[in-house]
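> Once you've had a glance at the structure underneath, I'll fire off some questions.
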Amino acid sequence: MKRLSVHDLKPEDQLRLTFDGAFDQQAALERELEPFLQALEKYAEGWMPDVVEHKRRRKYTRAAFWKALEEGREDVLTSLGLYRTTWPALDMSLCLWLPPRPPGLEITVNVQPLSVFAQEERCRHFVEMVRAWASHYPVSHAKAHSSDDTELTGSPNFGRDDETQYRNRFDKIYEVYWLNVFGPKLVETVGRERMLSTPAHRLEELPNGSVLLVTWPTAADFASKEARLAQARAHAHLRPDLDFDTLLRTLGERSAMLAPVEPRFYPDLAPLLTRVVDFAASHERQRRIAELNAWQPPEPEEWRPADSALPSDVDDEQRALEQYSLYAEHLVALLHSEVPSVFEATPESLTDADYYFWREEFPTSRLREVIDEHGLPAIGAYLGKVLVRHLGGRWIPRQKLEEAQVLVGKRVWLPFVRARHYMRSRQALLDYSLTQLFRVAERHQG
Amino acid sequence: MAQDKRLEEMLGLLPAFRMALEKRGLKPTARPDRDFEWKDVGRGLARAGGDALSSAPMNDGGGAFAFLPIRNQLPPEYQEALDEAQKRWAEQHFSAGNVVLGGFDHLTFGVPLGFYGLLATTGQGARSLAHGKYEEATRELAPAVLLVALYAGGKGARPPLRTGHEAVGPRLRALTETARQLQESMSLESLRELARYIQASREAGRLVARGGADAALALYEARGDVARARPLMSKARPEATGSGAPRKAGAAEHRGTLASLVDQEVGHTLEVVEAKLAVVELEATGPRLPMEVGVLEKHRPSLDASPPEAQGNPRWGEYVDYYEKRLREVKKGEAAEGPLKWEGYERMRGGFARGMAFERDMVKLLKEDARKPRAERRFLGDFDKPRVETQVGVRKPGSGLRYADVLVIEEGELGGRPRRVETFSFKSRDLALLEEGKMKDQMREDAREALRKYGETVDIRRDSLQSLFPGGTVVQVPRVRLIYEGGPLKPKRVDVLERVVGATRAAVPGVEVLFQ
């Protein structure tokens, strides 16, 4: 039985629920969790888990659920995961804190893609499910919302340092989401009366004193103008200390950050930038595309006109060429496992190397002196080798590596200088990419 | 020519070796081949160097020649000849050949060694060799080329490398040195013939690549007939054909594959590497075979018959050794789990190499941190004069002896306070690919393990540290830090990650979880 991981799909927005509550540690677990399962089975139409798993994976049944919960039992908690085998992907977990710890019941649900929740009926069911849970289990805070937008809210730290966040959690209304359950303490921070007069799509006081608030009928169009307006109204009402216009503007800015952007990359680097963008987290993707659409690498400066090339100043040219070749081999040795195309020494392999160094954050993740001593000669020599091989270039060796040149047409290129510029920072890998230098050299091949 | 002269000199030094070769029908020749450039093979071999290390048995003890990868696989007369050769060459202070490129990636950047095309492309490599494209061929032929290089005739040594050299461990240098000494002893024609046999059938290539030098010799003697070569080979080393007898060379080979991860500077001795691998293997989640002797016998992997997905992977030999060892343990009732299946083993092993590299980088980072002024330190701000020790044996009641990745001890004035000790545990884990619940489980498990092994109260066992603790080596560890490799392995959603870290800290107080 193979389950579908959210990580099997390309990064995309999800509906994300976090539910922090408590349960009766004295009661028998089977009885205590009955409302959880009942509501799930009744309302999870379209995204119902069919796999339950702690260490072992089982087809979802009540019996399998109890078995997994039993297996998941540790000293202070027990936990399990709930998943699906088919689209849409589900990543759901349940965690119960056991004595001697204070009772805690934590549920997370991530359904990908978010677009599943464009249907009003399905959203209503989702709300009913959370309502049923929150009615039975005393909630401190629960929220459900676009996971991409959640990231942009700065959750869960909201500007606090980690220690403070671990200690205080969601102790005031930092943010209003599509669906919210505020526990009694949070209700207190606002005042019950005020909270119960919040403008909302749905607002309900639950018997245990928590308040359920839903801003808008559907979760998927959270970024629409209307949904944002509703969100801002509710937020401003619950936090009279905050300015409505500012809140609304912030929400508008978040929507803009998540709005789909058509890639229009600088053509020389389109293959590289596409991969850079695919690596980004879903909530950063559109911004990244926009940023890279607007970006253009500087014109390579690591060249001289051929007529001002420095003549070779080495005694033994053959020996120098061998040395360059050896350095180029270093790059192959370094990259071949992860970037097998380096064997080919083609323009495409330059792009593969560019991407690899970028992804690995090479300039900062490796020791600087190692990069300078070993990396730069390897990269420069490899770049030179590709120029020689594919553009009919010719090395003009020099005693100083940085002065070594490759003659292509009417220009001499300085690959080792390029390598130094290239490895200065992660951004420099894009600004001074090997790919770009090659493409420009190709155009000036003459 | 100078090269001819050197070759003659060398052959003069190696009468025993020469005779051994001749007995086998491989006539050494002092006539260098015109269209064959040693440097070409050198390049290929250089790049195969790491693979050579990885697919060859290594042996710490004994004579200086004991590290020669194929020594144990050779008939006794070869072994003697090699020993003699080594002695003579050592006496002559022959300068190192520096065939070190294969180690470049690991030794300098902490990137695990990978492998070149090897078996999957053996046929291709041999074809290139036959067509005189030596450089390509040697690159593609790695294990075979090791052999090629061991016997290849040539025109003298290449200039020493100027880079990567200093970083190279003495063993690698010694191995490559040896390889280069040997490569001057065999006629290129014999080699070419051998290459043609290998080229003629994939099976022959496999035989040579797996069986090493004796397989090649057997193949040569059998004139390329694999079926005839096998029995010839089994005369030299019965285990090599996978006939079922336990492999004596097994343990040694297994060590050899791990040797590329040894880094004394950060405390990664072979023993530490092995101990760590054993732990990682135990917690690997890949599919396993059951602990039933019958089933294990039935699925027993053989060196000569790797599944298609393992073709081209030199760790197959290591896997066979691992399987055999586990099978023996199962028989004796000593095994905790059945062996991993191949895919799981390979995945575990790849992750292990990455983890070792991460650990190595972190140790260096901490050592740098310790050297900074206190106010500028990122990790060791609670110490006045931190002393960073790696792989320190610590004992805890009930959990036996463990090695803490890093133990930091206060060396400054104590002012009546107990000496501060903190421990670090490093993990290179792809948390980014885990679901939220799984990530939580994993992090909690890592934190618990760190606390159990290196936290609370530990007894520091390392002799050289005992003098720091005149009042007894049982000390309190107020803080254990679990540091995960960051970058692409770190989960991208903060709302997920922070909740998971928060839950971990709630479940396992005393362990601080960080990302590098």
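Within each chain, counting starts at residue 1; across the structure tokens, chains are named A, B, ... in the order shown, with ligands numbered 1 upward in that order.
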Using only C-alpha atoms, which residues of chain A come within 8 Å of chain B, and what is the closest atom pair for each, with the distance in Å to one decimal? Give it as a Markdown table, sorted by chain and residue number.

```
| residue | atom | partner | partner_atom | distance |
| --- | --- | --- | --- | --- |
| A:Ser5 | CA | B:Glu435 | CA | 7.5 |
| A:Val6 | CA | B:Glu435 | CA | 7.6 |
| A:His7 | CA | B:Leu433 | CA | 6.1 |
| A:Val76 | CA | B:Ala507 | CA | 7.0 |
| A:Ser79 | CA | B:Gly437 | CA | 7.8 |
| A:Leu80 | CA | B:Gly437 | CA | 7.0 |
| A:Gly81 | CA | B:Gly437 | CA | 5.9 |
| A:Asp91 | CA | B:Glu435 | CA | 6.1 |
| A:Met92 | CA | B:Gly437 | CA | 7.2 |
| A:Ser93 | CA | B:Gly437 | CA | 5.2 |
| A:Leu94 | CA | B:Gly437 | CA | 7.6 |
| A:Thr108 | CA | B:Glu436 | CA | 7.9 |
| A:Thr150 | CA | B:Asp495 | CA | 7.4 |
| A:Glu151 | CA | B:Asp495 | CA | 6.3 |
| A:Gly154 | CA | B:Asp495 | CA | 7.9 |
| A:Ser155 | CA | B:Asp495 | CA | 5.5 |
| A:Pro156 | CA | B:Asp495 | CA | 5.6 |
| A:Tyr166 | CA | B:Gly502 | CA | 5.6 |
| A:Ala281 | CA | B:Lys492 | CA | 6.1 |
| A:Leu326 | CA | B:Arg43 | CA | 7.8 |
| A:Glu329 | CA | B:Leu101 | CA | 7.6 |
| A:His330 | CA | B:Leu101 | CA | 6.4 |
| A:Ala333 | CA | B:Asp105 | CA | 5.8 |
| A:Leu334 | CA | B:Asp105 | CA | 4.3 |
| A:Leu335 | CA | B:Asp105 | CA | 7.7 |
| A:His336 | CA | B:Gly114 | CA | 7.0 |
| A:Ser337 | CA | B:Gly114 | CA | 4.9 |
| A:Arg359 | CA | B:Pro488 | CA | 7.1 |
| A:Glu360 | CA | B:Gly487 | CA | 6.8 |
| A:Glu361 | CA | B:Gly487 | CA | 7.3 |
| A:Arg366 | CA | B:Phe109 | CA | 6.7 |
| A:Leu367 | CA | B:Phe109 | CA | 7.9 |
| A:Val370 | CA | B:Thr108 | CA | 6.5 |
| A:Glu373 | CA | B:Thr163 | CA | 7.9 |
| A:His374 | CA | B:Thr163 | CA | 7.0 |
```
> So that I can see what lies close to range 354-357 of chain A, please list as number ranges by chain the residues with an atom at most 12 Å from it, counting only C-alpha atoms and leaving out residues fewer than 6 positions away in the same chain.
A: 269-279, 331, 334-342, 347-348, 363-366, 371, 375, 379, 383, 419, 422-438; B: 487-488
> Just asking: which residues within range 28-110 of chain A are strand (DSSP E or B) according to DSSP, as a PyMOL selection string?
chain A and resi 51-53+57-59+73+77-84+89-97+104-110
> May I have the residues within 10 Å of Gly380 in chain A as a CSV table (one decimal) with C-alpha atoms, in the first residue's frame, using only C-alpha atoms and disregarding those fewer than 2 positions away in the same chain?

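Output file result.csv is given in full below:
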```csv
chain,number,residue,atom,x,y,z
A,324,TYR,CA,44.4,23.5,-15.9
A,327,TYR,CA,42.0,21.5,-12.0
A,328,ALA,CA,39.0,20.9,-14.2
A,331,LEU,CA,35.4,19.8,-10.4
A,375,GLY,CA,37.1,25.4,-5.5
A,376,LEU,CA,38.1,28.4,-7.5
A,377,PRO,CA,40.9,26.7,-9.6
A,378,ALA,CA,38.5,23.8,-10.3
A,382,TYR,CA,36.3,23.7,-15.9
A,383,LEU,CA,34.7,26.8,-17.4
A,384,GLY,CA,37.8,27.3,-19.5
A,385,LYS,CA,37.7,23.7,-20.6
A,401,LEU,CA,46.0,31.7,-12.4
A,402,GLU,CA,43.8,34.7,-12.5
A,404,ALA,CA,45.1,32.8,-17.5
A,414,LEU,CA,39.4,35.1,-17.7
A,415,PRO,CA,37.7,32.0,-16.3
A,416,PHE,CA,39.5,32.1,-13.0
A,417,VAL,CA,38.5,35.7,-12.3
A,418,ARG,CA,34.9,34.7,-13.1
A,419,ALA,CA,35.2,31.8,-10.6
A,420,ARG,CA,36.2,34.2,-7.9
A,422,TYR,CA,31.0,33.6,-8.8
A,434,LEU,CA,29.0,30.0,-15.6
```
